[in-house]
Amino acid sequence: MVQKENLKQGLELLKQPVLPLVSMVEFFLLTGDFATVAEIVEQLPDPIETAYARYDQPAELLKPYLEQLETLLALQQGAEPSWPVITENGEEVDLTTARTALVDQKILTMELEAINSALCGPCGCTLCCVGPDRDMEQAFFEIPLRESEVDLFAVEKIETVAAKQCNAMDEPPLQVEGTDFFARTTSALVHWQKGWSLILPKMSSCPNLESQTGRCTVYIDRPKVCRRPQIFSYILEPVTGEDGEIIAQRLRRTLLAIIDCPYVEVLQEEIAAYAAACELNLVIKRNKG
């Protein structure tokens, strides 16, 4: 089992969640008369102490997120949100709630990218890089890809008319040469209705995984969803239409942690404290089995 002392870098990031600082800036943006976000950030006291953390040089901590906060200012000044934001009952929320949720989702996703990456490296884990084992219920795992990421994987490409008319979880499953698309022993790229994904069938592994070392040969350029987040931002959940396109965002205000991951299993208390500091519900669940 991975030890906490090996996760110091990621733990330090977990102990200083940025969302409480973001909430302060958002409050001033929504209630004051400021021309830029930088004006607000420059006027923040130093240090800032909350019930959870002490923030030395808060302006420096917020620098990576200024662009997203400027988006909130633009929305406040009349720009249209990318999608409507709805409750779990399907009712549209007020504009202020929608605007802040859309920005918070992007900022938390950015922060969790850094946190997950810092926690992942020391674990020496290949959980995200292999298909289901013989005893698992799943027949395959899917890693969604952007168009620009497809060339990172030197495997068979399945790009047929039939594939482009369905998605990986559809029933009945896509047929390739008379059999289910996942009835193979090696990974493959499939171009679905919603885009490309890497399919890892049972007992297979990613072609970029070094079998001897367990290292990823394309780690720096890896896909955004690849070998990465086992702590997910679910402030908003995409709602898709029949064509697979996003038509709305459902307000969830949740942090999702996948306990299959070694660092999630070890850091449950720390992740719960992080979620509480961000005023998010925490859901811990198992993803594979």
# chains A, B, ... in the order shown; residues from 1 in each chain; ligands from 1

$ residues_around --residues "Ala53 (chain A)" --least-positions-apart "6" --cutoff "12 Å" --atoms "only C-alpha atoms" --output "number ranges by chain"
A: 12-21, 47, 273-274, 276-278

$ write_last_selection --atoms "N, CA, C and O atoms" --output "PDB file, in the first residue's frame"
ATOM      1  N   GLU A  12       0.134  18.663   0.193  1.00  0.00           N
ATOM      2  CA  GLU A  12       0.235  20.116   0.394  1.00  0.00           C
ATOM      3  C   GLU A  12      -0.787  20.848  -0.460  1.00  0.00           C
ATOM      4  O   GLU A  12      -1.386  21.835  -0.026  1.00  0.00           O
ATOM      5  N   LEU A  13      -1.014  20.366  -1.676  1.00  0.00           N
ATOM      6  CA  LEU A  13      -2.009  20.990  -2.550  1.00  0.00           C
ATOM      7  C   LEU A  13      -3.421  20.757  -2.016  1.00  0.00           C
ATOM      8  O   LEU A  13      -4.267  21.661  -2.066  1.00  0.00           O
ATOM      9  N   LEU A  14      -3.677  19.555  -1.515  1.00  0.00           N
ATOM     10  CA  LEU A  14      -4.997  19.261  -0.935  1.00  0.00           C
ATOM     11  C   LEU A  14      -5.292  20.155   0.271  1.00  0.00           C
ATOM     12  O   LEU A  14      -6.450  20.483   0.539  1.00  0.00           O
ATOM     13  N   LYS A  15      -4.248  20.549   0.983  1.00  0.00           N
ATOM     14  CA  LYS A  15      -4.426  21.343   2.199  1.00  0.00           C
ATOM     15  C   LYS A  15      -4.679  22.821   1.914  1.00  0.00           C
ATOM     16  O   LYS A  15      -4.981  23.579   2.839  1.00  0.00           O
ATOM     17  N   GLN A  16      -4.548  23.232   0.623  1.00  0.00           N
ATOM     18  CA  GLN A  16      -4.782  24.634   0.283  1.00  0.00           C
ATOM     19  C   GLN A  16      -5.721  24.734  -0.920  1.00  0.00           C
ATOM     20  O   GLN A  16      -5.321  25.201  -1.992  1.00  0.00           O
ATOM     21  N   PRO A  17      -6.960  24.314  -0.779  1.00  0.00           N
ATOM     22  CA  PRO A  17      -7.896  24.375  -1.904  1.00  0.00           C
ATOM     23  C   PRO A  17      -8.126  25.816  -2.348  1.00  0.00           C
ATOM     24  O   PRO A  17      -8.260  26.729  -1.514  1.00  0.00           O
ATOM     25  N   VAL A  18      -8.160  26.026  -3.651  1.00  0.00           N
ATOM     26  CA  VAL A  18      -8.274  27.387  -4.171  1.00  0.00           C
ATOM     27  C   VAL A  18      -9.711  27.898  -4.179  1.00  0.00           C
ATOM     28  O   VAL A  18      -9.940  29.110  -4.200  1.00  0.00           O
ATOM     29  N   LEU A  19     -10.695  27.002  -4.148  1.00  0.00           N
ATOM     30  CA  LEU A  19     -12.081  27.434  -4.294  1.00  0.00           C
ATOM     31  C   LEU A  19     -12.544  28.424  -3.215  1.00  0.00           C
ATOM     32  O   LEU A  19     -13.314  29.342  -3.527  1.00  0.00           O
ATOM     33  N   PRO A  20     -12.126  28.287  -1.948  1.00  0.00           N
ATOM     34  CA  PRO A  20     -12.509  29.318  -0.972  1.00  0.00           C
ATOM     35  C   PRO A  20     -12.025  30.717  -1.361  1.00  0.00           C
ATOM     36  O   PRO A  20     -12.738  31.703  -1.162  1.00  0.00           O
ATOM     37  N   LEU A  21     -10.807  30.818  -1.913  1.00  0.00           N
ATOM     38  CA  LEU A  21     -10.309  32.107  -2.393  1.00  0.00           C
ATOM     39  C   LEU A  21     -11.121  32.588  -3.586  1.00  0.00           C
ATOM     40  O   LEU A  21     -11.442  33.778  -3.705  1.00  0.00           O
ATOM     41  N   PRO A  47      -1.676  37.464   5.042  1.00  0.00           N
ATOM     42  CA  PRO A  47      -2.302  36.212   4.583  1.00  0.00           C
ATOM     43  C   PRO A  47      -3.813  36.246   4.778  1.00  0.00           C
ATOM     44  O   PRO A  47      -4.357  37.160   5.395  1.00  0.00           O
ATOM     45  N   ALA A 273     -11.919  16.500   3.921  1.00  0.00           N
ATOM     46  CA  ALA A 273     -11.679  17.852   4.437  1.00  0.00           C
ATOM     47  C   ALA A 273     -11.594  18.857   3.294  1.00  0.00           C
ATOM     48  O   ALA A 273     -12.096  19.979   3.394  1.00  0.00           O
ATOM     49  N   TYR A 274     -10.950  18.475   2.210  1.00  0.00           N
ATOM     50  CA  TYR A 274     -10.845  19.324   1.017  1.00  0.00           C
ATOM     51  C   TYR A 274     -12.236  19.630   0.463  1.00  0.00           C
ATOM     52  O   TYR A 274     -12.561  20.782   0.151  1.00  0.00           O
ATOM     53  N   ALA A 276     -15.088  19.558   2.068  1.00  0.00           N
ATOM     54  CA  ALA A 276     -15.809  20.408   3.019  1.00  0.00           C
ATOM     55  C   ALA A 276     -15.365  21.862   2.886  1.00  0.00           C
ATOM     56  O   ALA A 276     -16.192  22.780   2.927  1.00  0.00           O
ATOM     57  N   ALA A 277     -14.052  22.077   2.722  1.00  0.00           N
ATOM     58  CA  ALA A 277     -13.541  23.438   2.572  1.00  0.00           C
ATOM     59  C   ALA A 277     -14.084  24.104   1.309  1.00  0.00           C
ATOM     60  O   ALA A 277     -14.283  25.318   1.273  1.00  0.00           O
ATOM     61  N   CYS A 278     -14.333  23.299   0.280  1.00  0.00           N
ATOM     62  CA  CYS A 278     -14.873  23.809  -0.985  1.00  0.00           C
ATOM     63  C   CYS A 278     -16.402  23.854  -0.993  1.00  0.00           C
ATOM     64  O   CYS A 278     -17.009  24.226  -2.003  1.00  0.00           O
TER      65      CYS A 278
END

$ select_by_dssp --residues "region 29-235 of chain A" --states "strand (DSSP E or B)" --output "PyMOL selection string"
chain A and resi 48-49+54-55+85-86+92+130+140-144+156-158+175-176+179-180+188-192+195-201+205+209+216+231-235

$ closest_residue --among "A:Val130, A:Leu200, A:Ala101, A:Ala118" --to "Leu7 (chain A)" --atoms "only C-alpha atoms"
A:Ala118

$ residues_around --residues "Val41 (chain A)" --least-positions-apart "4" --cutoff "10 Å" --atoms "only C-alpha atoms" --output "list in words"
Leu21, Val22, Met24, Val25, Phe28, Thr36, Val37, Pro45, Pro58, Ala59, Glu60, Leu62, Lys63 and Leu66 of chain A

$ residues_around --residues "region 218-221 of chain A" --least-positions-apart "6" --cutoff "12 Å" --atoms "only C-alpha atoms" --output "PyMOL selection string"
chain A and resi 117+120-121+129+148-154+206-210+227-228

$ select_by_dssp --residues "region 57-181 of chain A" --states "helix (DSSP H, G or I)" --output "PyMOL selection string"
chain A and resi 58-76+95-123+127-129+147-152+163-165

$ atom_distance --atom1 "CA of Ile86 (chain A)" --atom2 "CA of Val264 (chain A)"
29.7 Å

$ residues_around --residues "Thr254 (chain A)" --least-positions-apart "2" --cutoff "7 Å" --atoms "only C-alpha atoms" --output "list in words"
Ser233, Tyr234, Ile235, Arg252, Leu256, Leu280, Asn281 and Leu282 of chain A

$ write_last_selection --atoms "N, CA and C atoms" --output "CSV table (one decimal), in the first residue's frame"
chain,number,residue,atom,x,y,z
A,233,SER,N,-14.1,16.7,-10.3
A,233,SER,CA,-15.0,17.8,-10.1
A,233,SER,C,-16.4,17.5,-10.7
A,234,TYR,N,-17.4,17.5,-9.9
A,234,TYR,CA,-18.8,17.3,-10.4
A,234,TYR,C,-19.6,18.5,-9.8
A,235,ILE,N,-19.1,19.7,-9.9
A,235,ILE,CA,-19.9,20.8,-9.6
A,235,ILE,C,-21.1,20.8,-10.6
A,252,ARG,N,-24.6,19.9,-9.5
A,252,ARG,CA,-24.5,18.8,-8.6
A,252,ARG,C,-23.7,19.2,-7.3
A,256,LEU,N,-16.2,13.8,-6.6
A,256,LEU,CA,-16.3,12.4,-6.7
A,256,LEU,C,-14.9,11.8,-6.6
A,280,LEU,N,-18.5,21.3,-1.0
A,280,LEU,CA,-19.0,20.3,-1.9
A,280,LEU,C,-19.4,19.1,-1.2
A,281,ASN,N,-20.4,18.4,-1.7
A,281,ASN,CA,-20.7,17.0,-1.3
A,281,ASN,C,-19.6,16.1,-1.7
A,282,LEU,N,-19.3,15.1,-0.9
A,282,LEU,CA,-18.3,14.1,-1.3
A,282,LEU,C,-18.9,12.8,-1.6

$ residues_around --residues "Arg286 (chain A)" --least-positions-apart "2" --cutoff "12 Å" --atoms "only C-alpha atoms" --output "list in words"
Gln230, Ile231, Leu256, Ala257, Ile258, Ile259, Asp260, Cys261, Pro262, Val264, Glu265, Val283, Ile284, Lys288 and Gly289 of chain A

$ atom_distance --atom1 "CA of Ile143 (chain A)" --atom2 "CA of Ser197 (chain A)"
5.3 Å

$ closest_residue --among "A:Arg222, A:Glu279, A:Thr185, A:Pro122" --to "Tyr52 (chain A)" --atoms "only C-alpha atoms"
A:Glu279

$ atom_distance --atom1 "CA of Thr186 (chain A)" --atom2 "CA of Phe141 (chain A)"
12.0 Å

$ closest_residue --among "A:Thr179, A:Gln193, A:Thr126, A:Asn116" --to "Ser205 (chain A)" --atoms "only C-alpha atoms"
A:Thr126

$ closest_residue --among "A:Ala139, A:Leu11, A:Ile199, A:Leu112" --to "Asn167 (chain A)" --atoms "only C-alpha atoms"
A:Ile199

$ closest_residue --among "A:Leu119, A:Leu108, A:Leu127, A:Ile247" --to "Asn6 (chain A)" --atoms "only C-alpha atoms"
A:Leu119

$ residues_around --residues "Asp46 (chain A)" --least-positions-apart "2" --cutoff "7 Å" --atoms "only C-alpha atoms" --output "list in words"
Leu44, Ile48, Asp56, Gln57 and Pro58 of chain A

$ write_last_selection --atoms "N, CA, C and O atoms" --output "PDB file, in the first residue's frame"
ATOM      1  N   LEU A  44      -6.619  41.798  -2.033  1.00  0.00           N
ATOM      2  CA  LEU A  44      -6.847  40.767  -1.031  1.00  0.00           C
ATOM      3  C   LEU A  44      -5.833  40.883   0.102  1.00  0.00           C
ATOM      4  O   LEU A  44      -4.651  41.159  -0.143  1.00  0.00           O
ATOM      5  N   ILE A  48      -4.468  35.208   4.231  1.00  0.00           N
ATOM      6  CA  ILE A  48      -5.891  34.959   4.466  1.00  0.00           C
ATOM      7  C   ILE A  48      -6.004  33.646   5.240  1.00  0.00           C
ATOM      8  O   ILE A  48      -5.397  32.647   4.854  1.00  0.00           O
ATOM      9  N   ASP A  56      -0.863  32.069   2.447  1.00  0.00           N
ATOM     10  CA  ASP A  56       0.151  33.098   2.271  1.00  0.00           C
ATOM     11  C   ASP A  56       0.214  33.446   0.789  1.00  0.00           C
ATOM     12  O   ASP A  56       0.152  32.563  -0.076  1.00  0.00           O
ATOM     13  N   GLN A  57       0.318  34.711   0.477  1.00  0.00           N
ATOM     14  CA  GLN A  57       0.362  35.209  -0.899  1.00  0.00           C
ATOM     15  C   GLN A  57      -0.818  34.684  -1.740  1.00  0.00           C
ATOM     16  O   GLN A  57      -0.630  34.014  -2.760  1.00  0.00           O
ATOM     17  N   PRO A  58      -2.048  34.986  -1.315  1.00  0.00           N
ATOM     18  CA  PRO A  58      -3.221  34.491  -2.051  1.00  0.00           C
ATOM     19  C   PRO A  58      -3.268  34.963  -3.506  1.00  0.00           C
ATOM     20  O   PRO A  58      -3.774  34.244  -4.373  1.00  0.00           O
TER      21      PRO A  58
END

$ closest_residue --among "A:Thr96, A:Pro201, A:Glu237, A:Gln105" --to "Gln138 (chain A)" --atoms "only C-alpha atoms"
A:Pro201
